[in-house]
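J.: Mind looking over this structure? Questions follow.
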Protein chains: 2
Amino acid sequence: MSQHVPDNALASARAFAPATVANLGPGFDILGMAVTGIGDTVTAHLCDKPGTSVVKITGDGGKLPLDATRNTAAIAAECVRQQIRPDVGIELEIEKGLPLASGLGSSAASAAAGAVATNALLGNPLSQLELLSACLEAEATVSGRHADNVGPALLGGIVLVTGITPDCLFPLPIPDGLYFALVTPDVAVPTAQARAVLPKEVPFSKMVSQTKAVAQLMYALYSGNLDLLVSAMAEDGIIEPARQYLIPYFALARDTALAYGAKACIISGAGPTLCIVAPTAELAEKSGAAVQALYLAHGIGAIYRVAQVATRGAYAET
Amino acid sequence: MSQHVPDNALASARAFAPATVANLGPGFDILGMAVTGIGDTVTAHLCDKPGTSVVKITGDGGKLPLDATRNTAAIAAECVRQQIRPDVGIELEIEKGLPLASGLGSSAASAAAGAVATNALLGNPLSQLELLSACLEAEATVSGRHADNVGPALLGGIVLVTGITPDCLFPLPIPDGLYFALVTPDVAVPTAQARAVLPKEVPFSKMVSQTKAVAQLMYALYSGNLDLLVSAMAEDGIIEPARQYLIPYFALARDTALAYGAKACIISGAGPTLCIVAPTAELAEKSGAAVQALYLAHGIGAIYRVAQVATRGAYAET
């Protein structure tokens with residue numbers, strides 16, 4: 001391979017990757033969705049020193065490591081660099097738009113943005129799906145090798161994830177009229193703890209109900225039936241009952257959201273972000289504001305954002 | 001209500017209902033499929049004595065009860081009669097095309113044919129979906145109130161069943177190029193026993209895998225991807241492992257079917273019928289014949305039939 005920078009390489013490339021909501025209720029580890037409005041941005045620069053380094057991180061409150069072996073944007077970027085041009089050096093600037101450990105796929109968004117920026121920097125030889133393994137390598141370092149966030153962060157939309165190879169990502173239809181309020185209370189729910197509270201065994205009847213909810217959710221996406229969709233999303237009888245106690249005032253927040261016109265209120269990924277589902281932007285706004293107010297009234301900081309399904313996954317800005 | 005026979009009533013009406021394959025692998029209790037070629041036929045006659053009676057049953061080897069309170073065709077017919085014309089009397093002749101307790105929805109087919117024949121006899125005032133409750137009443141008497149056989153027996157095609165009301169039946173797409181060999185070995189697997197061997201609890205990871213298989217199966221139906229479909233059908237890690245020991249030589253039968261070009265071999269409903277899935281009629285034929293030969297070589301009688309998805313549910317012959 002040439003020791004020179006390729007002709008089609010850029011001096012720098014900047015990429016954005018969206019936040020993602022994993023699980024969608026009963027679809028634990030198998031469903032994920034990209035959402036509009038928030039995400040992480042990574043800028044990659046060519047430099048003389050081979051390897052990948054992180055030169056700047058903003059928006060993380062100083063919490064993320066500059067150490068390239070522990071930073072998901074850098075791990076993904078490094079994997080892509082190794083595949084395309086192991087001879088060149090790359091410096092990354094990371095702008096965190098997503099709160100850390102919030103259940104919005106923060107590590108996956110950084111990984112996807114890092115991979116896409118690096119690919120763009122080096123002339124875009126790899127397809128979006130070919131960046132999956134690099135992103136999974138990054139995810140594996142911080143939260144396990146699973147693709148329910150990375151898949152939709154790369155592809156956009158709603159994605160069925162049945163494994164960790166590109167042929168296991170299946171884009172699903174996106175129904176019209178689906179609005180969300182994403183409420184992130186200022187509490188810590190480490191992914192490890194969220195996994196630890198899950199039951200080791202599940203009653204057979206609950207297993208059947210979970211498959212039923214997932215099947216109904218799939219049917220609802222394909223038929224565009226929002227009533228069926230929200231009822232399926234709310235029918236998780238296994239994960240949410242175990243995890244809701246990790247999120248203060250979860251039941252009250254859900255009741256509040258429903259009282260303000262939302263149709264469902266589920267845990268986004270491992271939490272603590274709540275994904276409130278509403279049929280209009282206005283009702284999403286009202287529900288999100290009401291749940292935020294609930295948290296503030298109990299002395300817990302909270303932010304909320306109204307969002308829709310992001311049809312576009314991670315992309316390089318040109 | 002008039003004590004006279006309605007003007008649009010017929011002297012007799014005859015209806016056919018197809019065999020059905022429930023579960024389709026991982027879709028325990030929630031998926032069912034009508035298949036071509038075999039089913040039950042019920043003829044209903046008006047008579048002077050109010051009520052519903054069974055006057056003749058053929059094809060059952062004398063095993064089914066003439067007692068109208070224990071015969072699913074009669075129970076369903078009686079429910080329909082009560083809804084439409086409780087003043088008239090109905091006599092039924094039942095032609096069993098389906099082997100009893102074979103996992104092909106025998107009781108559901110009789111119920112659906114009985115309901116449709118009676119509805120036709122009395123001028124067809126009820127829709128197909130409005131016959132569901134009558135059929136469920138019949139199923140409840142013999143095997144529990146569930147609709148995974150009755151749903152597709154009434155509607156045809158492949159049906160998602162999320163409950164026992166008409167709004168819980170969801171027709172799914174039928175992919176092209178789907179052929180089956182239905183092999184019924186001459187062994188008894190009572191539904192009660194097939195239920196008893198199911199585990200009370202399942203490991204969390206197997207629950208997740210089962211939801212994944214169901215989601216993949218749904219995706220495969222909508223995308224028409226037969227490879228994904230058969231791999232999802234074969235991915236039941238909970239029900240089939242528990243039930244396969246009730247069916248002699250199950251593993252050998254499956255291996256034989258696959259060796260002859262089939263893509264999957266699953267248990268139809270509670271068994272003992274095996275549903276072999278193949279990409280062509282020829283391969284279905286060869287696989288079915290090979291598995292039949294396997295059983296015969298081990299001293300167990302067996303029949304097989306090649307089938308496709310039946311797009312039409314129970315219907316009155318005119």
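Residue numbering restarts at 1 for every chain of the structure tokens, chains are lettered A, B, ... in their displayed order, and ligands are numbered from 1 as they appear.
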Using DSSP on the backbone coordinates, identify all residues within segment 75-225 of chain A classified as strand (DSSP E or B); present the result as a count of residues only.
T.: 25
J.: Write out, as JSON lines, each residue of chain A that has an atom at most 7 Å from chain B, together with the closest pair of atoms and their distance in Å to one decimal, counting only C-alpha atoms, rows going by chain and rising number.
T.:
{"residue": "A:Phe28", "atom": "CA", "partner": "B:Val208", "partner_atom": "CA", "distance": 6.8}
{"residue": "A:Ile30", "atom": "CA", "partner": "B:Lys212", "partner_atom": "CA", "distance": 6.3}
{"residue": "A:Thr162", "atom": "CA", "partner": "B:Lys212", "partner_atom": "CA", "distance": 6.2}
{"residue": "A:Pro199", "atom": "CA", "partner": "B:Phe204", "partner_atom": "CA", "distance": 6.6}
{"residue": "A:Lys200", "atom": "CA", "partner": "B:Phe204", "partner_atom": "CA", "distance": 5.3}
{"residue": "A:Glu201", "atom": "CA", "partner": "B:Pro203", "partner_atom": "CA", "distance": 4.4}
{"residue": "A:Val202", "atom": "CA", "partner": "B:Val202", "partner_atom": "CA", "distance": 5.3}
{"residue": "A:Pro203", "atom": "CA", "partner": "B:Glu201", "partner_atom": "CA", "distance": 4.3}
{"residue": "A:Phe204", "atom": "CA", "partner": "B:Glu201", "partner_atom": "CA", "distance": 5.0}
{"residue": "A:Met207", "atom": "CA", "partner": "B:Met207", "partner_atom": "CA", "distance": 5.6}
{"residue": "A:Val208", "atom": "CA", "partner": "B:Phe28", "partner_atom": "CA", "distance": 6.8}
{"residue": "A:Gln210", "atom": "CA", "partner": "B:Thr211", "partner_atom": "CA", "distance": 6.8}
{"residue": "A:Thr211", "atom": "CA", "partner": "B:Thr211", "partner_atom": "CA", "distance": 4.8}
{"residue": "A:Lys212", "atom": "CA", "partner": "B:Thr162", "partner_atom": "CA", "distance": 6.2}
{"residue": "A:Val214", "atom": "CA", "partner": "B:Thr211", "partner_atom": "CA", "distance": 6.4}
{"residue": "A:Ala215", "atom": "CA", "partner": "B:Ala215", "partner_atom": "CA", "distance": 6.0}
{"residue": "A:Met218", "atom": "CA", "partner": "B:Met218", "partner_atom": "CA", "distance": 6.7}
J.: How would the residues just chosen look if you wrote them out with N, CA, C and O atoms as an mmCIF file, in the first residue's frame?
T.:
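Result file part28.cif:
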data_model
loop_
_atom_site.group_PDB
_atom_site.id
_atom_site.type_symbol
_atom_site.label_atom_id
_atom_site.label_comp_id
_atom_site.auth_asym_id
_atom_site.auth_seq_id
_atom_site.Cartn_x
_atom_site.Cartn_y
_atom_site.Cartn_z
ATOM 1 N N PHE A 28 -36.119 -6.198 23.053
ATOM 2 C CA PHE A 28 -34.833 -6.162 23.755
ATOM 3 C C PHE A 28 -33.715 -6.756 22.908
ATOM 4 O O PHE A 28 -33.820 -7.901 22.455
ATOM 5 N N ILE A 30 -32.936 -6.432 19.956
ATOM 6 C CA ILE A 30 -33.178 -6.735 18.542
ATOM 7 C C ILE A 30 -33.776 -5.575 17.750
ATOM 8 O O ILE A 30 -33.807 -5.640 16.526
ATOM 9 N N THR A 162 -30.479 -8.868 14.191
ATOM 10 C CA THR A 162 -30.507 -10.268 14.629
ATOM 11 C C THR A 162 -29.115 -10.828 14.898
ATOM 12 O O THR A 162 -28.984 -11.999 15.243
ATOM 13 N N PRO A 199 -34.142 -10.516 34.850
ATOM 14 C CA PRO A 199 -34.294 -11.858 35.421
ATOM 15 C C PRO A 199 -33.460 -12.875 34.660
ATOM 16 O O PRO A 199 -33.243 -12.751 33.460
ATOM 17 N N LYS A 200 -32.990 -13.892 35.371
ATOM 18 C CA LYS A 200 -32.222 -14.959 34.716
ATOM 19 C C LYS A 200 -33.155 -15.903 33.961
ATOM 20 O O LYS A 200 -32.796 -16.480 32.944
ATOM 21 N N GLU A 201 -34.356 -16.066 34.543
ATOM 22 C CA GLU A 201 -35.344 -16.958 33.951
ATOM 23 C C GLU A 201 -36.656 -16.189 33.788
ATOM 24 O O GLU A 201 -36.946 -15.278 34.553
ATOM 25 N N VAL A 202 -37.427 -16.603 32.813
ATOM 26 C CA VAL A 202 -38.681 -15.925 32.505
ATOM 27 C C VAL A 202 -39.786 -16.987 32.460
ATOM 28 O O VAL A 202 -39.581 -18.052 31.871
ATOM 29 N N PRO A 203 -40.944 -16.717 33.067
ATOM 30 C CA PRO A 203 -42.039 -17.685 32.937
ATOM 31 C C PRO A 203 -42.382 -17.921 31.469
ATOM 32 O O PRO A 203 -42.345 -16.989 30.659
ATOM 33 N N PHE A 204 -42.707 -19.163 31.160
ATOM 34 C CA PHE A 204 -43.014 -19.523 29.776
ATOM 35 C C PHE A 204 -44.088 -18.609 29.173
ATOM 36 O O PHE A 204 -43.965 -18.142 28.036
ATOM 37 N N MET A 207 -42.737 -15.371 28.139
ATOM 38 C CA MET A 207 -41.968 -15.507 26.900
ATOM 39 C C MET A 207 -42.906 -15.451 25.702
ATOM 40 O O MET A 207 -42.653 -14.743 24.723
ATOM 41 N N VAL A 208 -44.022 -16.190 25.798
ATOM 42 C CA VAL A 208 -44.983 -16.189 24.690
ATOM 43 C C VAL A 208 -45.554 -14.777 24.482
ATOM 44 O O VAL A 208 -45.660 -14.290 23.354
ATOM 45 N N GLN A 210 -44.132 -12.012 25.137
ATOM 46 C CA GLN A 210 -43.100 -11.135 24.571
ATOM 47 C C GLN A 210 -42.974 -11.363 23.057
ATOM 48 O O GLN A 210 -42.864 -10.406 22.291
ATOM 49 N N THR A 211 -43.018 -12.627 22.640
ATOM 50 C CA THR A 211 -42.972 -12.884 21.191
ATOM 51 C C THR A 211 -44.205 -12.288 20.519
ATOM 52 O O THR A 211 -44.121 -11.769 19.403
ATOM 53 N N LYS A 212 -45.333 -12.360 21.194
ATOM 54 C CA LYS A 212 -46.567 -11.784 20.646
ATOM 55 C C LYS A 212 -46.438 -10.269 20.481
ATOM 56 O O LYS A 212 -46.809 -9.706 19.446
ATOM 57 N N VAL A 214 -43.691 -8.529 20.160
ATOM 58 C CA VAL A 214 -42.731 -8.235 19.084
ATOM 59 C C VAL A 214 -43.381 -8.452 17.714
ATOM 60 O O VAL A 214 -43.211 -7.647 16.791
ATOM 61 N N ALA A 215 -44.137 -9.541 17.579
ATOM 62 C CA ALA A 215 -44.807 -9.800 16.302
ATOM 63 C C ALA A 215 -45.817 -8.704 15.996
ATOM 64 O O ALA A 215 -45.924 -8.236 14.859
ATOM 65 N N MET A 218 -43.988 -5.621 14.836
ATOM 66 C CA MET A 218 -43.571 -5.760 13.438
ATOM 67 C C MET A 218 -44.764 -5.550 12.505
ATOM 68 O O MET A 218 -44.670 -4.842 11.496
#
J.: Neighbours of Pro65 of chain B within 12 Å (only C-alpha atoms; same-chain residues fewer than 4 positions away dropped), as a ChimeraX atom specification?
T.: /B:53-58,60-61,69-75,94,142
J.: Please dump the current selection as a PDB file, in the first residue's frame; keep N, CA and C atoms.
T.:
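New file out_4.pdb:
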ATOM      1  N   SER B  53     -77.893 -31.284  15.805  1.00  0.00           N
ATOM      2  CA  SER B  53     -77.516 -32.672  16.045  1.00  0.00           C
ATOM      3  C   SER B  53     -76.579 -33.152  14.946  1.00  0.00           C
ATOM      4  N   VAL B  54     -75.807 -34.179  15.284  1.00  0.00           N
ATOM      5  CA  VAL B  54     -74.898 -34.781  14.312  1.00  0.00           C
ATOM      6  C   VAL B  54     -75.512 -36.101  13.875  1.00  0.00           C
ATOM      7  N   VAL B  55     -75.762 -36.222  12.578  1.00  0.00           N
ATOM      8  CA  VAL B  55     -76.418 -37.449  12.111  1.00  0.00           C
ATOM      9  C   VAL B  55     -75.439 -38.439  11.490  1.00  0.00           C
ATOM     10  N   LYS B  56     -74.270 -37.941  11.085  1.00  0.00           N
ATOM     11  CA  LYS B  56     -73.351 -38.839  10.400  1.00  0.00           C
ATOM     12  C   LYS B  56     -71.926 -38.285  10.448  1.00  0.00           C
ATOM     13  N   ILE B  57     -70.974 -39.154  10.724  1.00  0.00           N
ATOM     14  CA  ILE B  57     -69.561 -38.770  10.626  1.00  0.00           C
ATOM     15  C   ILE B  57     -68.843 -39.841   9.822  1.00  0.00           C
ATOM     16  N   THR B  58     -68.098 -39.410   8.820  1.00  0.00           N
ATOM     17  CA  THR B  58     -67.292 -40.355   8.053  1.00  0.00           C
ATOM     18  C   THR B  58     -65.830 -39.923   8.119  1.00  0.00           C
ATOM     19  N   ASP B  60     -63.519 -40.723  10.284  1.00  0.00           N
ATOM     20  CA  ASP B  60     -62.910 -40.604  11.613  1.00  0.00           C
ATOM     21  C   ASP B  60     -62.609 -41.956  12.236  1.00  0.00           C
ATOM     22  N   GLY B  61     -62.885 -43.021  11.488  1.00  0.00           N
ATOM     23  CA  GLY B  61     -62.681 -44.349  12.060  1.00  0.00           C
ATOM     24  C   GLY B  61     -63.533 -44.605  13.285  1.00  0.00           C
ATOM     25  N   THR B  69     -72.697 -31.961  22.005  1.00  0.00           N
ATOM     26  CA  THR B  69     -72.037 -31.085  22.982  1.00  0.00           C
ATOM     27  C   THR B  69     -70.545 -31.369  23.095  1.00  0.00           C
ATOM     28  N   ARG B  70     -70.075 -32.429  22.414  1.00  0.00           N
ATOM     29  CA  ARG B  70     -68.651 -32.755  22.493  1.00  0.00           C
ATOM     30  C   ARG B  70     -67.984 -32.782  21.122  1.00  0.00           C
ATOM     31  N   ASN B  71     -68.729 -32.404  20.104  1.00  0.00           N
ATOM     32  CA  ASN B  71     -68.230 -32.430  18.729  1.00  0.00           C
ATOM     33  C   ASN B  71     -68.015 -30.986  18.261  1.00  0.00           C
ATOM     34  N   THR B  72     -66.797 -30.667  17.830  1.00  0.00           N
ATOM     35  CA  THR B  72     -66.510 -29.242  17.574  1.00  0.00           C
ATOM     36  C   THR B  72     -67.317 -28.680  16.419  1.00  0.00           C
ATOM     37  N   ALA B  73     -67.586 -29.478  15.396  1.00  0.00           N
ATOM     38  CA  ALA B  73     -68.422 -28.978  14.299  1.00  0.00           C
ATOM     39  C   ALA B  73     -69.804 -28.602  14.831  1.00  0.00           C
ATOM     40  N   ALA B  74     -70.340 -29.446  15.695  1.00  0.00           N
ATOM     41  CA  ALA B  74     -71.685 -29.215  16.225  1.00  0.00           C
ATOM     42  C   ALA B  74     -71.718 -28.055  17.215  1.00  0.00           C
ATOM     43  N   ILE B  75     -70.691 -27.947  18.036  1.00  0.00           N
ATOM     44  CA  ILE B  75     -70.667 -26.840  19.011  1.00  0.00           C
ATOM     45  C   ILE B  75     -70.621 -25.505  18.267  1.00  0.00           C
ATOM     46  N   ILE B  94     -70.670 -34.848   8.892  1.00  0.00           N
ATOM     47  CA  ILE B  94     -69.261 -34.439   8.970  1.00  0.00           C
ATOM     48  C   ILE B  94     -68.401 -35.432   8.205  1.00  0.00           C
ATOM     49  N   VAL B 142     -62.455 -28.800  23.451  1.00  0.00           N
ATOM     50  CA  VAL B 142     -61.542 -29.929  23.237  1.00  0.00           C
ATOM     51  C   VAL B 142     -60.079 -29.629  23.513  1.00  0.00           C
TER      52      VAL B 142
END
J.: As an exercise, work out the distance from atom CA of Arg243 of chain A to atom CA of Gly269 of chain A in Å and give it to one decimal place.
T.: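 Between these atoms lies a distance of 10.4 Å.
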J.: Would you mind telling me which residue in A:Ala17, A:Ile84, A:Ala259, A:Ala188 lies nearest to Asn149 of chain A when using only C-alpha atoms?
T.: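 Distance minimum relative to Asn149 of chain A lands on A:Ala17.
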J.: So that I can see what lies close to segment 190-193 of chain B, please list as a tab-separated table (two decimals) with N, CA and C atoms, in the first residue's frame the residues with an atom at most 10 Å from it, counting only C-alpha atoms and leaving out residues fewer than 2 positions away in the same chain.
T.:
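Wrote out_35.tsv, looks like this:
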chain	number	residue	atom	x	y	z
B	100	LEU	N	-57.22	-37.23	13.28
B	100	LEU	CA	-57.46	-36.63	14.60
B	100	LEU	C	-56.15	-36.47	15.36
B	101	ALA	N	-56.08	-35.44	16.17
B	101	ALA	CA	-54.93	-35.22	17.07
B	101	ALA	C	-53.61	-35.38	16.33
B	102	SER	N	-53.55	-34.82	15.14
B	102	SER	CA	-52.35	-34.99	14.32
B	102	SER	C	-51.50	-33.73	14.26
B	103	GLY	N	-51.98	-32.63	14.87
B	103	GLY	CA	-51.26	-31.37	14.77
B	103	GLY	C	-51.58	-30.59	13.51
B	142	VAL	N	-62.46	-28.80	23.45
B	142	VAL	CA	-61.54	-29.93	23.24
B	142	VAL	C	-60.08	-29.63	23.51
B	143	SER	N	-59.66	-28.37	23.31
B	143	SER	CA	-58.21	-28.15	23.45
B	143	SER	C	-57.84	-26.76	23.95
B	144	GLY	N	-58.78	-26.02	24.48
B	144	GLY	CA	-58.43	-24.70	25.00
B	144	GLY	C	-58.84	-23.61	24.05
B	187	VAL	N	-48.49	-42.11	15.23
B	187	VAL	CA	-48.22	-42.15	16.67
B	187	VAL	C	-49.13	-41.13	17.34
B	188	ALA	N	-49.42	-41.34	18.60
B	188	ALA	CA	-50.31	-40.43	19.32
B	188	ALA	C	-49.51	-39.42	20.12
B	195	ARG	N	-48.42	-30.11	25.74
B	195	ARG	CA	-48.33	-28.89	26.57
B	195	ARG	C	-47.55	-29.18	27.85
B	196	ALA	N	-47.74	-30.39	28.39
B	196	ALA	CA	-47.14	-30.70	29.69
B	196	ALA	C	-45.61	-30.72	29.63
B	197	VAL	N	-45.04	-31.05	28.48
B	197	VAL	CA	-43.58	-31.14	28.41
B	197	VAL	C	-42.92	-29.77	28.25
B	198	LEU	N	-43.71	-28.74	28.04
B	198	LEU	CA	-43.11	-27.41	27.86
B	198	LEU	C	-42.53	-26.93	29.19
B	243	ARG	N	-40.43	-30.74	22.77
B	243	ARG	CA	-41.45	-31.63	22.23
B	243	ARG	C	-40.92	-32.72	21.31
B	246	LEU	N	-41.37	-36.42	21.91
B	246	LEU	CA	-42.69	-37.03	21.81
B	246	LEU	C	-42.91	-37.63	20.42
B	269	GLY	N	-48.00	-27.59	14.85
B	269	GLY	CA	-48.79	-27.50	16.08
B	269	GLY	C	-48.16	-28.33	17.18
B	270	ALA	N	-48.99	-29.15	17.81
B	270	ALA	CA	-48.49	-29.99	18.90
B	270	ALA	C	-47.96	-31.33	18.39
B	271	GLY	N	-47.94	-31.51	17.04
B	271	GLY	CA	-47.46	-32.75	16.46
B	271	GLY	C	-48.54	-33.82	16.52
B	272	PRO	N	-48.23	-35.03	16.02
B	272	PRO	CA	-46.93	-35.50	15.51
B	272	PRO	C	-46.64	-35.14	14.05
J.: Excluding segment 295-310 of chain B and residues on its chain fewer than 5 positions from it, collect all residues at most 8 Å away from it, counting only C-alpha atoms, and give them as a list of chain:residue names.
T.: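 Contacts, with the query itself left out: B:Pro18, B:Met33, B:Ala34, B:Val35, B:Thr36, B:Gly37, B:Gly156, B:Gly157, B:Ile158, B:Ile174, B:Leu178, B:Tyr179, B:Phe180, B:Ala181, B:Leu182, B:Val183, B:Thr184, B:Pro185, B:Asp186, B:Val187, B:Tyr249, B:Ala281, B:Ala284, B:Glu285, B:Gly288, B:Ala289.
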J.: For those residues, write N, CA, C and O atoms to a file as a compact mmCIF listing (two decimals), in the first residue's frame.
T.:
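Output contents, as saved in selection.txt:
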# COMPACT_ATOMS: atom_id res chain seq x y z
N PRO B 18 -59.88 -25.73 5.71
CA PRO B 18 -58.57 -26.33 5.48
C PRO B 18 -57.85 -26.78 6.76
O PRO B 18 -58.14 -26.29 7.85
N MET B 33 -51.14 -21.13 9.92
CA MET B 33 -51.15 -21.08 8.45
C MET B 33 -52.10 -22.15 7.92
O MET B 33 -52.05 -23.30 8.35
N ALA B 34 -52.96 -21.75 7.00
CA ALA B 34 -53.84 -22.71 6.34
C ALA B 34 -53.07 -23.36 5.19
O ALA B 34 -52.28 -22.69 4.50
N VAL B 35 -53.29 -24.66 4.98
CA VAL B 35 -52.58 -25.36 3.90
C VAL B 35 -53.58 -26.02 2.94
O VAL B 35 -54.69 -26.38 3.31
N THR B 36 -53.11 -26.17 1.72
CA THR B 36 -53.97 -26.68 0.66
C THR B 36 -54.13 -28.20 0.72
O THR B 36 -53.33 -28.90 1.33
N GLY B 37 -55.18 -28.68 0.08
CA GLY B 37 -55.27 -30.10 -0.22
C GLY B 37 -56.07 -30.95 0.74
O GLY B 37 -56.68 -31.93 0.33
N GLY B 156 -57.88 -18.28 6.08
CA GLY B 156 -56.89 -18.71 5.10
C GLY B 156 -55.58 -17.98 5.31
O GLY B 156 -55.46 -17.12 6.18
N GLY B 157 -54.58 -18.35 4.51
CA GLY B 157 -53.30 -17.67 4.55
C GLY B 157 -52.52 -17.90 5.83
O GLY B 157 -52.71 -18.89 6.53
N ILE B 158 -51.62 -16.96 6.10
CA ILE B 158 -50.80 -16.99 7.31
C ILE B 158 -51.33 -15.88 8.21
O ILE B 158 -51.51 -14.75 7.76
N ILE B 174 -48.05 -13.70 2.04
CA ILE B 174 -47.70 -15.09 1.71
C ILE B 174 -46.61 -15.06 0.65
O ILE B 174 -46.85 -14.64 -0.48
N LEU B 178 -43.20 -21.28 -1.68
CA LEU B 178 -43.19 -21.96 -0.39
C LEU B 178 -43.98 -23.25 -0.52
O LEU B 178 -45.18 -23.25 -0.75
N TYR B 179 -43.28 -24.37 -0.41
CA TYR B 179 -43.91 -25.70 -0.54
C TYR B 179 -43.66 -26.50 0.74
O TYR B 179 -42.63 -26.32 1.39
N PHE B 180 -44.63 -27.34 1.02
CA PHE B 180 -44.53 -28.15 2.25
C PHE B 180 -44.77 -29.61 1.93
O PHE B 180 -45.51 -29.95 1.00
N ALA B 181 -44.14 -30.46 2.73
CA ALA B 181 -44.58 -31.85 2.82
C ALA B 181 -45.02 -32.05 4.25
O ALA B 181 -44.26 -31.78 5.19
N LEU B 182 -46.26 -32.46 4.40
CA LEU B 182 -46.81 -32.71 5.74
C LEU B 182 -46.79 -34.21 5.98
O LEU B 182 -47.52 -34.96 5.33
N VAL B 183 -45.91 -34.63 6.87
CA VAL B 183 -45.75 -36.06 7.14
C VAL B 183 -46.39 -36.36 8.50
O VAL B 183 -45.98 -35.78 9.51
N THR B 184 -47.36 -37.25 8.49
CA THR B 184 -48.03 -37.61 9.73
C THR B 184 -47.71 -39.06 10.08
O THR B 184 -48.25 -39.98 9.46
N PRO B 185 -46.81 -39.26 11.05
CA PRO B 185 -46.53 -40.64 11.47
C PRO B 185 -47.70 -41.13 12.35
O PRO B 185 -48.37 -40.34 13.00
N ASP B 186 -47.88 -42.41 12.35
CA ASP B 186 -49.01 -43.00 13.07
C ASP B 186 -48.66 -43.22 14.53
O ASP B 186 -48.51 -44.35 15.00
N VAL B 187 -48.49 -42.11 15.23
CA VAL B 187 -48.22 -42.15 16.67
C VAL B 187 -49.13 -41.13 17.34
O VAL B 187 -49.57 -40.17 16.70
N TYR B 249 -38.07 -40.58 16.26
CA TYR B 249 -37.14 -40.34 15.14
C TYR B 249 -37.21 -38.91 14.59
O TYR B 249 -36.94 -38.68 13.42
N ALA B 281 -42.03 -27.83 -5.35
CA ALA B 281 -42.95 -28.94 -5.12
C ALA B 281 -42.20 -30.27 -5.22
O ALA B 281 -42.47 -31.21 -4.47
N ALA B 284 -40.24 -30.89 -2.09
CA ALA B 284 -41.18 -31.22 -1.01
C ALA B 284 -41.62 -32.67 -1.15
O ALA B 284 -41.65 -33.43 -0.16
N GLU B 285 -41.93 -33.06 -2.36
CA GLU B 285 -42.36 -34.44 -2.65
C GLU B 285 -41.26 -35.44 -2.26
O GLU B 285 -41.50 -36.42 -1.55
N GLY B 288 -40.74 -35.48 1.57
CA GLY B 288 -41.86 -36.13 2.24
C GLY B 288 -41.81 -37.64 2.06
O GLY B 288 -42.00 -38.41 3.02
N ALA B 289 -41.52 -38.06 0.84
CA ALA B 289 -41.44 -39.51 0.56
C ALA B 289 -40.31 -40.15 1.35
O ALA B 289 -40.45 -41.27 1.88
J.: If you run DSSP on the backbone here, which positions in segment 111-191 of chain A get alpha helix (DSSP H)? Please write them as JSON, numbers by chain.
T.: {"A": [111, 112, 113, 114, 115, 116, 117, 118, 119, 120, 121, 132, 133, 134, 135, 136, 137, 138, 139, 140, 141, 142, 150, 151, 152, 153, 154, 155, 191]}
J.: Just the number, please: distance in Å from atom CA of Asp255 of chain A to atom CA of Leu226 of chain A, one decimal.
T.: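 Computed distance, atom CA of Asp255 of chain A to atom CA of Leu226 of chain A, equals 19.4 Å.
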J.: What lies within 10 Å of Leu98 of chain A using only C-alpha atoms, ignoring chain neighbours under 4 positions off, as a ChimeraX atom specification?
T.: /A:18-19,38-41,59-60,102-107,109-110
J.: Skip Thr256 of chain A itself and residues of its chain fewer than 5 positions away, then list as a ChimeraX atom specification all residues within 9 Å of it, counting only C-alpha atoms.
T.: /A:251,261-262,287,290-291,294
J.: Between atom CA of Asp148 of chain A and atom CA of Val116 of chain A, what distance in Å does the model show, to one decimal?
T.: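 The value is 17.8 Å.
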